file run_20.txt (compact mmCIF, C-alpha atoms)
# COMPACT_ATOMS: atom_id res chain seq x y z
CA MET A 1 -38.45 -64.02 -66.76
CA THR A 2 -36.28 -66.74 -68.21
CA ALA A 3 -35.75 -67.57 -71.86
CA THR A 4 -36.34 -71.30 -71.59
CA ALA A 5 -38.95 -73.32 -69.80
CA ASP A 6 -37.81 -75.99 -67.36
CA PRO A 7 -39.49 -79.44 -67.55
CA GLY A 8 -41.28 -78.88 -64.25
CA ALA A 9 -42.91 -75.69 -65.54
CA ARG A 10 -43.89 -77.48 -68.76
CA ARG A 11 -45.50 -80.37 -66.88
CA ALA A 12 -47.34 -77.89 -64.64
CA VAL A 13 -48.72 -75.93 -67.59
CA VAL A 14 -49.82 -79.13 -69.36
CA ARG A 15 -51.69 -80.21 -66.21
CA GLN A 16 -53.29 -76.76 -65.93
CA SER A 17 -54.32 -76.71 -69.58
CA LEU A 18 -55.87 -80.18 -69.47
CA SER A 19 -57.72 -79.61 -66.18
CA VAL A 20 -59.11 -76.29 -67.39
CA GLY A 21 -60.10 -77.96 -70.66
CA VAL A 22 -61.92 -80.82 -68.91
CA ALA A 23 -63.76 -78.52 -66.48
CA THR A 24 -64.83 -76.16 -69.28
CA GLY A 25 -65.69 -79.03 -71.58
CA ALA A 26 -68.07 -80.42 -68.98
CA TYR A 27 -69.93 -77.12 -69.15
CA GLY A 28 -70.44 -77.56 -72.87
CA ILE A 29 -72.99 -80.30 -72.13
CA SER A 30 -75.01 -77.71 -70.24
CA PHE A 31 -74.65 -75.25 -73.11
CA GLY A 32 -75.80 -77.77 -75.72
CA ALA A 33 -78.81 -78.71 -73.61
CA LEU A 34 -79.77 -75.06 -73.02
CA ALA A 35 -79.33 -74.18 -76.69
CA VAL A 36 -81.76 -76.91 -77.76
CA ALA A 37 -84.20 -75.90 -75.02
CA ALA A 38 -83.97 -72.30 -76.34
CA GLY A 39 -85.14 -73.46 -79.78
CA LEU A 40 -81.84 -73.86 -81.63
CA ASP A 41 -81.23 -77.03 -83.62
CA THR A 42 -78.05 -79.08 -83.23
CA TRP A 43 -76.35 -77.34 -86.17
CA GLN A 44 -77.07 -73.87 -84.77
CA ALA A 45 -75.79 -74.86 -81.33
CA MET A 46 -72.66 -76.30 -82.96
CA ALA A 47 -72.21 -73.16 -85.08
CA LEU A 48 -72.09 -71.11 -81.88
CA SER A 49 -69.53 -73.39 -80.21
CA LEU A 50 -67.40 -73.70 -83.35
CA LEU A 51 -67.61 -70.10 -84.62
CA MET A 52 -68.45 -67.85 -81.67
CA PHE A 53 -66.41 -70.00 -79.25
CA THR A 54 -66.66 -67.89 -76.13
CA GLY A 55 -68.77 -69.51 -73.44
CA GLY A 56 -70.14 -66.49 -71.60
CA SER A 57 -71.37 -64.92 -74.83
CA GLN A 58 -72.91 -68.21 -75.99
CA PHE A 59 -74.88 -68.72 -72.76
CA ALA A 60 -76.13 -65.10 -72.92
CA PHE A 61 -77.11 -65.48 -76.58
CA VAL A 62 -79.21 -68.63 -76.11
CA GLY A 63 -80.67 -67.34 -72.83
CA ILE A 64 -82.11 -64.29 -74.62
CA ILE A 65 -83.02 -65.91 -77.95
CA ALA A 66 -85.12 -68.38 -75.92
CA ASN A 67 -87.66 -65.53 -75.67
CA GLY A 68 -88.26 -65.69 -79.42
CA LEU A 69 -86.80 -64.37 -82.64
CA HIS A 70 -87.87 -60.78 -81.82
CA ALA A 71 -85.19 -60.91 -79.11
CA ALA A 72 -82.44 -61.58 -81.69
CA PRO A 73 -80.99 -58.01 -81.64
CA ALA A 74 -80.84 -58.11 -77.84
CA ALA A 75 -79.19 -61.54 -77.96
CA ILE A 76 -76.57 -60.28 -80.43
CA ALA A 77 -75.95 -57.17 -78.31
CA ALA A 78 -75.51 -59.22 -75.12
CA SER A 79 -73.14 -61.76 -76.64
CA SER A 80 -71.14 -58.91 -78.19
CA MET A 81 -70.80 -56.99 -74.92
CA LEU A 82 -69.55 -60.16 -73.22
CA GLY A 83 -67.11 -60.64 -76.09
CA ILE A 84 -65.40 -57.26 -75.71
CA ARG A 85 -63.07 -58.57 -73.02
CA ASN A 86 -61.56 -61.08 -75.47
CA GLY A 87 -60.38 -58.16 -77.60
CA LEU A 88 -58.74 -56.62 -74.53
CA TYR A 89 -57.03 -59.94 -73.65
CA ALA A 90 -55.66 -59.95 -77.20
CA LEU A 91 -53.73 -56.70 -76.57
CA GLU A 92 -51.50 -58.58 -74.12
CA LEU A 93 -51.59 -61.96 -75.89
CA THR A 94 -50.32 -60.50 -79.15
CA HIS A 95 -47.18 -59.52 -77.22
CA LEU A 96 -46.86 -62.87 -75.39
CA LEU A 97 -47.52 -65.06 -78.43
CA GLY A 98 -45.60 -63.22 -81.13
CA VAL A 99 -47.60 -64.78 -84.00
CA ARG A 100 -47.99 -63.57 -87.59
CA GLY A 101 -50.23 -64.27 -90.56
CA THR A 102 -52.78 -67.08 -90.44
CA ARG A 103 -51.60 -68.23 -87.02
CA ARG A 104 -52.74 -64.85 -85.75
CA VAL A 105 -56.27 -65.68 -86.95
CA ALA A 106 -56.10 -69.01 -85.10
CA ALA A 107 -54.78 -67.23 -82.00
CA ALA A 108 -57.65 -64.74 -82.22
CA HIS A 109 -60.23 -67.53 -82.41
CA LEU A 110 -58.75 -69.24 -79.32
CA THR A 111 -58.60 -65.97 -77.33
CA ILE A 112 -60.93 -66.69 -74.40
CA ASP A 113 -60.86 -66.39 -70.60
CA GLU A 114 -59.31 -69.84 -70.09
CA SER A 115 -56.46 -69.67 -72.62
CA THR A 116 -55.60 -66.12 -71.48
CA ALA A 117 -55.63 -67.05 -67.80
CA VAL A 118 -53.29 -70.03 -68.31
CA ALA A 119 -50.99 -67.96 -70.56
CA VAL A 120 -50.59 -65.06 -68.14
CA ALA A 121 -50.15 -67.40 -65.15
CA GLN A 122 -46.77 -68.57 -66.51
CA ASP A 123 -43.38 -67.12 -65.67
CA ASP A 124 -41.79 -67.17 -69.13
CA HIS A 125 -42.93 -66.63 -72.70
CA ARG A 126 -42.34 -70.19 -73.93
CA THR A 127 -44.48 -71.70 -71.21
CA SER A 128 -47.08 -68.95 -71.77
CA ARG A 129 -47.30 -69.86 -75.45
CA LEU A 130 -47.58 -73.56 -74.69
CA GLY A 131 -50.29 -72.81 -72.11
CA PHE A 132 -52.24 -70.60 -74.49
CA TRP A 133 -52.29 -73.03 -77.42
CA LEU A 134 -52.78 -76.18 -75.36
CA THR A 135 -55.59 -74.68 -73.28
CA GLY A 136 -57.24 -73.05 -76.30
CA LEU A 137 -57.16 -76.25 -78.37
CA THR A 138 -58.20 -78.53 -75.47
CA VAL A 139 -61.12 -76.28 -74.58
CA PHE A 140 -62.07 -75.96 -78.27
CA ALA A 141 -62.11 -79.75 -78.78
CA LEU A 142 -63.92 -80.62 -75.56
CA TRP A 143 -66.31 -77.65 -75.67
CA ASN A 144 -67.49 -78.64 -79.14
CA LEU A 145 -67.72 -82.37 -78.40
CA SER A 146 -69.66 -81.72 -75.22
CA THR A 147 -71.93 -79.17 -76.92
CA LEU A 148 -72.83 -81.89 -79.41
CA ALA A 149 -73.38 -84.35 -76.57
CA GLY A 150 -75.51 -81.80 -74.72
CA THR A 151 -77.81 -81.26 -77.71
CA VAL A 152 -78.44 -85.03 -77.76
CA ILE A 153 -78.59 -85.76 -74.03
CA GLY A 154 -80.57 -82.62 -73.23
CA THR A 155 -81.16 -81.80 -69.59
CA HIS A 156 -80.90 -85.41 -68.36
CA VAL A 157 -77.44 -84.89 -66.82
CA GLY A 158 -78.86 -82.13 -64.65
CA ASP A 159 -77.50 -78.80 -63.55
CA PRO A 160 -73.67 -78.50 -63.60
CA ARG A 161 -73.97 -76.51 -60.38
CA THR A 162 -74.99 -79.72 -58.59
CA TYR A 163 -71.44 -80.94 -59.16
CA GLY A 164 -69.94 -77.57 -58.23
CA LEU A 165 -68.66 -76.99 -61.77
CA ASP A 166 -69.39 -73.25 -61.61
CA ALA A 167 -67.33 -73.07 -58.43
CA ALA A 168 -64.59 -75.15 -60.07
CA ALA A 169 -64.29 -72.41 -62.70
CA CYS A 170 -64.07 -69.71 -60.00
CA ALA A 171 -61.39 -71.73 -58.15
CA ALA A 172 -59.43 -72.35 -61.36
CA PHE A 173 -59.35 -68.66 -62.34
CA THR A 174 -58.37 -67.75 -58.78
CA ALA A 175 -55.51 -70.26 -58.89
CA LEU A 176 -54.36 -68.95 -62.29
CA LEU A 177 -54.40 -65.33 -61.07
CA TRP A 178 -52.59 -66.25 -57.86
CA PRO A 179 -48.98 -66.28 -59.13
CA ARG A 180 -49.51 -62.83 -60.67
CA LEU A 181 -50.49 -61.34 -57.31
CA ARG A 182 -46.96 -61.28 -55.92
CA ASN A 183 -46.61 -57.52 -55.77
CA ARG A 184 -48.80 -54.83 -54.22
CA ASP A 185 -49.51 -53.07 -57.53
CA ALA A 186 -50.96 -56.26 -59.06
CA VAL A 187 -53.05 -56.90 -55.93
CA ALA A 188 -54.40 -53.34 -56.09
CA ILE A 189 -55.31 -53.78 -59.78
CA ALA A 190 -57.08 -57.10 -59.08
CA VAL A 191 -58.98 -55.73 -56.07
CA VAL A 192 -60.07 -52.52 -57.83
CA GLY A 193 -61.13 -54.52 -60.89
CA ALA A 194 -63.14 -56.97 -58.77
CA VAL A 195 -64.81 -54.23 -56.71
CA VAL A 196 -65.70 -52.12 -59.79
CA ALA A 197 -67.27 -55.15 -61.50
CA VAL A 198 -69.33 -56.24 -58.47
CA LEU A 199 -70.53 -52.67 -57.78
CA LEU A 200 -71.60 -52.15 -61.42
CA SER A 201 -73.26 -55.57 -61.83
CA PRO A 202 -76.76 -54.64 -60.56
CA THR A 203 -77.04 -51.55 -62.78
CA VAL A 204 -75.41 -52.24 -66.15
CA PRO A 205 -75.90 -55.07 -68.71
CA PRO A 206 -73.88 -58.31 -68.30
CA GLY A 207 -70.42 -58.06 -69.81
CA ILE A 208 -70.02 -54.35 -69.17
CA PRO A 209 -68.93 -54.68 -65.49
CA VAL A 210 -65.93 -56.82 -66.45
CA VAL A 211 -64.98 -54.51 -69.33
CA ALA A 212 -65.32 -51.45 -67.06
CA ALA A 213 -62.97 -53.19 -64.62
CA ALA A 214 -60.31 -52.89 -67.31
CA ALA A 215 -59.97 -49.28 -66.11
CA ALA A 216 -58.19 -50.73 -63.06
CA SER A 217 -55.28 -51.61 -65.34
CA LEU A 218 -54.62 -47.87 -65.69
CA LEU A 219 -53.18 -48.10 -62.18
CA ALA A 220 -50.17 -49.62 -63.92
CA TRP A 221 -49.62 -46.28 -65.70
CA ARG A 222 -47.43 -45.01 -62.88
CA THR A 223 -43.93 -46.34 -62.40
CA PRO A 224 -43.81 -49.63 -60.46
CA ARG A 225 -42.67 -49.33 -56.85
CA ARG A 226 -39.51 -51.35 -57.29
CA GLU A 227 -38.31 -48.90 -59.98
CA GLN A 228 -39.03 -45.92 -57.75
CA ALA A 229 -36.71 -47.16 -55.01
CA MET B 1 -84.03 -61.88 -88.97
CA SER B 2 -83.82 -65.67 -89.09
CA LEU B 3 -82.29 -67.64 -86.25
CA TRP B 4 -79.41 -68.63 -88.52
CA THR B 5 -78.71 -64.97 -89.36
CA ALA B 6 -78.67 -64.11 -85.65
CA VAL B 7 -76.29 -66.99 -84.88
CA LEU B 8 -73.88 -66.06 -87.67
CA VAL B 9 -73.96 -62.30 -87.03
CA ALA B 10 -73.31 -62.81 -83.31
CA ALA B 11 -70.48 -65.25 -84.08
CA ALA B 12 -68.92 -62.85 -86.60
CA ILE B 13 -68.98 -59.99 -84.08
CA ALA B 14 -67.45 -62.20 -81.37
CA PHE B 15 -64.63 -63.22 -83.70
CA GLY B 16 -64.18 -59.65 -84.95
CA LEU B 17 -63.72 -58.42 -81.37
CA LYS B 18 -61.05 -61.05 -80.74
CA LEU B 19 -59.26 -60.34 -84.01
CA ALA B 20 -59.38 -56.55 -83.53
CA GLY B 21 -57.25 -56.85 -80.40
CA HIS B 22 -54.71 -59.01 -82.22
CA LEU B 23 -54.50 -56.59 -85.15
CA VAL B 24 -53.61 -53.48 -83.13
CA PRO B 25 -50.23 -52.45 -84.60
CA ALA B 26 -47.36 -53.58 -82.36
CA HIS B 27 -45.71 -50.15 -82.34
CA LEU B 28 -48.77 -48.69 -80.62
CA LEU B 29 -48.29 -51.15 -77.75
CA ASP B 30 -44.51 -50.89 -77.39
CA ALA B 31 -44.12 -47.94 -75.01
CA PRO B 32 -43.16 -49.15 -71.50
CA ARG B 33 -46.21 -47.54 -69.90
CA VAL B 34 -48.55 -49.10 -72.46
CA ARG B 35 -46.84 -52.48 -71.98
CA ARG B 36 -47.42 -52.26 -68.24
CA ILE B 37 -51.09 -51.46 -68.82
CA THR B 38 -51.70 -54.27 -71.33
CA ALA B 39 -49.92 -56.67 -68.94
CA ALA B 40 -52.26 -55.48 -66.17
CA LEU B 41 -55.40 -55.87 -68.33
CA PRO B 42 -55.81 -59.67 -67.93
CA ILE B 43 -55.28 -59.28 -64.15
CA ALA B 44 -58.03 -56.64 -63.87
CA LEU B 45 -60.39 -58.51 -66.23
CA LEU B 46 -59.91 -61.98 -64.74
CA ALA B 47 -60.24 -60.64 -61.18
CA ALA B 48 -63.48 -58.94 -62.26
CA LEU B 49 -64.63 -62.16 -63.94
CA VAL B 50 -64.01 -64.25 -60.81
CA ALA B 51 -65.72 -61.60 -58.65
CA THR B 52 -68.85 -61.44 -60.82
CA GLN B 53 -69.00 -65.23 -61.19
CA ALA B 54 -68.52 -65.85 -57.47
CA PHE B 55 -70.35 -62.96 -55.81
CA THR B 56 -73.28 -61.93 -57.99
CA GLY B 57 -76.66 -63.57 -58.45
CA PRO B 58 -79.63 -63.03 -60.77
CA GLY B 59 -79.84 -59.42 -61.92
CA GLY B 60 -76.27 -58.82 -60.81
CA SER B 61 -77.08 -58.46 -57.11
CA PHE B 62 -74.35 -59.18 -54.55
CA VAL B 63 -74.73 -62.63 -52.99
CA LEU B 64 -72.63 -64.81 -50.72
CA ASP B 65 -73.34 -68.48 -51.38
CA ALA B 66 -71.59 -71.78 -52.15
CA ARG B 67 -69.44 -70.12 -54.84
CA ALA B 68 -68.00 -67.60 -52.38
CA ALA B 69 -67.25 -70.44 -49.95
CA ALA B 70 -65.52 -72.32 -52.77
CA VAL B 71 -63.30 -69.31 -53.59
CA GLY B 72 -62.50 -68.99 -49.87
CA VAL B 73 -61.44 -72.65 -49.72
CA ALA B 74 -59.43 -72.20 -52.93
CA VAL B 75 -57.55 -69.23 -51.44
CA VAL B 76 -56.73 -71.22 -48.28
CA ALA B 77 -55.51 -74.11 -50.45
CA LEU B 78 -53.35 -71.69 -52.47
CA LEU B 79 -51.88 -70.21 -49.30
CA LEU B 80 -50.97 -73.78 -48.30
CA ARG B 81 -49.31 -74.18 -51.74
CA ALA B 82 -51.71 -76.88 -52.93
CA PRO B 83 -51.29 -77.96 -56.58
CA PHE B 84 -53.60 -76.42 -59.20
CA ILE B 85 -55.82 -79.47 -59.69
CA VAL B 86 -56.28 -79.86 -55.91
CA VAL B 87 -57.42 -76.22 -55.67
CA VAL B 88 -59.94 -76.75 -58.48
CA VAL B 89 -61.30 -80.03 -57.07
CA LEU B 90 -61.57 -78.56 -53.55
CA GLY B 91 -63.50 -75.59 -54.97
CA ALA B 92 -65.96 -77.84 -56.78
CA ALA B 93 -66.32 -80.22 -53.82
CA THR B 94 -66.99 -77.33 -51.42
CA ALA B 95 -69.82 -75.95 -53.54
CA ALA B 96 -71.28 -79.39 -54.33
CA LEU B 97 -71.22 -80.39 -50.65
CA LEU B 98 -72.79 -77.15 -49.40
CA ARG B 99 -75.54 -77.44 -52.02
CA ALA B 100 -76.15 -81.13 -51.28
CA LEU B 101 -76.55 -80.22 -47.61
CA GLY B 102 -78.87 -77.39 -48.57
CA TRP B 103 -76.69 -74.82 -46.75
CA ALA B 104 -75.97 -72.52 -49.69

call {"tool": "encode", "arguments": {"input": "run_20.txt", "output": "C-alpha cells"}}
result
Amino acid sequence: MTATADPGARRAVVRQSLSVGVATGAYGISFGALAVAAGLDTWQAMALSLLMFTGGSQFAFVGIIANGLHAAPAAIAASSMLGIRNGLYALELTHLLGVRGTRRVAAAHLTIDESTAVAVAQDDHRTSRLGFWLTGLTVFALWNLSTLAGTVIGTHVGDPRTYGLDAAACAAFTALLWPRLRNRDAVAIAVVGAVVAVLLSPTVPPGIPVVAAAAASLLAWRTPRREQA
Amino acid sequence: MSLWTAVLVAAAIAFGLKLAGHLVPAHLLDAPRVRRITAALPIALLAALVATQAFTGPGGSFVLDARAAAVGVAVVALLLRAPFIVVVVLGAATAALLRALGWA
C-alpha cells in the first residue's frame, strides 16, 4: 500500500471505471425493455433504476412482478435478498472510503457490485476512492439513461446476450478480482466462495448463494501465512 | 398493494441494506481479525457472483456454456497480462461468437 496514487494507476482506474460503466449501461436498455414488458410504466422503471439502483435486484423484481400484482411480496423479497450483498460490501467500503455525513448516504446509494469491484481492485486507498466514485457515478448515469432508452425502444435491440454482454460482465469481474488473488489465502477464499455459491444455487432462492459465500471470508480469521513465518 | 407501493418499498429496502453496512460503527470493525474478514468479504462475494453468473442456468443448475468459455478466455488473457479492456472485449467476443455459431 502506498499513500499516493501514481498517474499510471489513476489512468488505469479511469479506464476501468468507464469500461465497466459502458458495459453495465448497455444492460440498462435490456432492463428498461423488460420492465415495460412486465407491466411497469416508464416512471416506475425509472424509479427502480434511480432509487433501487442495483441491477440484479431490479431484474429479479420485474421478472417476478411480471406475473401480476399478487406476486409483489415475492418480488420485494427477491430483490431484497439480492440486495443483502451490497450491505456486506459496505463493511469494507466504509473503511476504504472514509466518508462522513451526507457523503456517506451518497456512498451507500452507489454501493453496488461494479463500484465495489473497481474499488477493491486498486492497490492504494486514493485510487480505490477514485475508482469507487467514478464507477458508481458512471454506472448511475448510464444505467438510468439506458433504462429510459430501453423503456422507449423496447425489445427491438434484442437480447444483450447476442452481443456477449453477460459474458463481458463475467470477464470484467474476473479481471477486477485478479489482482487480489496474489496470495494463497485470497485464492482459497475466492474458490470456497465460488464453490459454495454454485453448490447452493439449485436449492436456495437467488441472492442467497452469494450471501452464503460470504462465510468463505471467515477463512481470513486465522493469521495470514506471511505473518506466521 | 399497488405497483407503485411495491416499487418504492423494494427500493427503500435495497437502499436500507446498503446504508446499514455503511452505518456499522467503525470501532466494531477495527480489530485486525475483523479488518481481515471485511477485506476478504468482497473477494468471497465477487468470486461467488462471477461463479453464479458464469456457471449456473435457469433454476440455478450447473451449466457450462458460452459464459464459461468467456471466463476461460479472460483468465488466459489475464495470465498473458492483457489490459483490462482487452480482457472484457475478448470475453464478450468469445460468447457472442460461440452463440452466433450455435456452439454454446

call {"tool": "atom_distance", "arguments": {"input": "run_20.txt", "atom1": "CA of Gly57 in chain B", "atom2": "CA of Ala212 in chain A"}}
result
18.7 Å

call {"tool": "closest_residue", "arguments": {"input": "run_20.txt", "among": "A:Ala60, A:Leu50, A:Val157, A:Leu97", "to": "His109 in chain A", "atoms": "all atoms listed in the file"}}
result
A:Leu50

call {"tool": "residues_around", "arguments": {"input": "run_20.txt", "residues": "Arg129 in chain A", "least_positions_apart": "6", "cutoff": "10 Å", "atoms": "all atoms listed in the file", "output": "list in words"}}
result
Leu93, Leu96, Leu97, Gly98, Val99, Ser115, Thr116, Val118, Ala119, Val120, Gln122 and Thr135 of chain A

call {"tool": "residues_around", "arguments": {"input": "run_20.txt", "residues": "Thr174 in chain A", "least_positions_apart": "6", "cutoff": "9 Å", "atoms": "only C-alpha atoms", "output": "PyMOL selection string"}}
result
chain B and resi 46-47+50+71+74-75+78

call {"tool": "closest_residue", "arguments": {"input": "run_20.txt", "among": "A:Pro73, A:Asp6, A:Ala220, A:Leu145", "to": "Pro32 in chain B", "atoms": "only C-alpha atoms"}}
result
A:Ala220

call {"tool": "atom_distance", "arguments": {"input": "run_20.txt", "atom1": "CA of Ile84 in chain A", "atom2": "CA of Met46 in chain A"}}
result
21.6 Å

call {"tool": "closest_residue", "arguments": {"input": "run_20.txt", "among": "A:Tyr89, A:Phe140, A:Phe61, A:Phe31", "to": "Ile37 in chain B", "atoms": "only C-alpha atoms"}}
result
A:Tyr89

call {"tool": "atom_distance", "arguments": {"input": "run_20.txt", "atom1": "CA of Val20 in chain A", "atom2": "CA of Phe53 in chain A"}}
result
15.3 Å
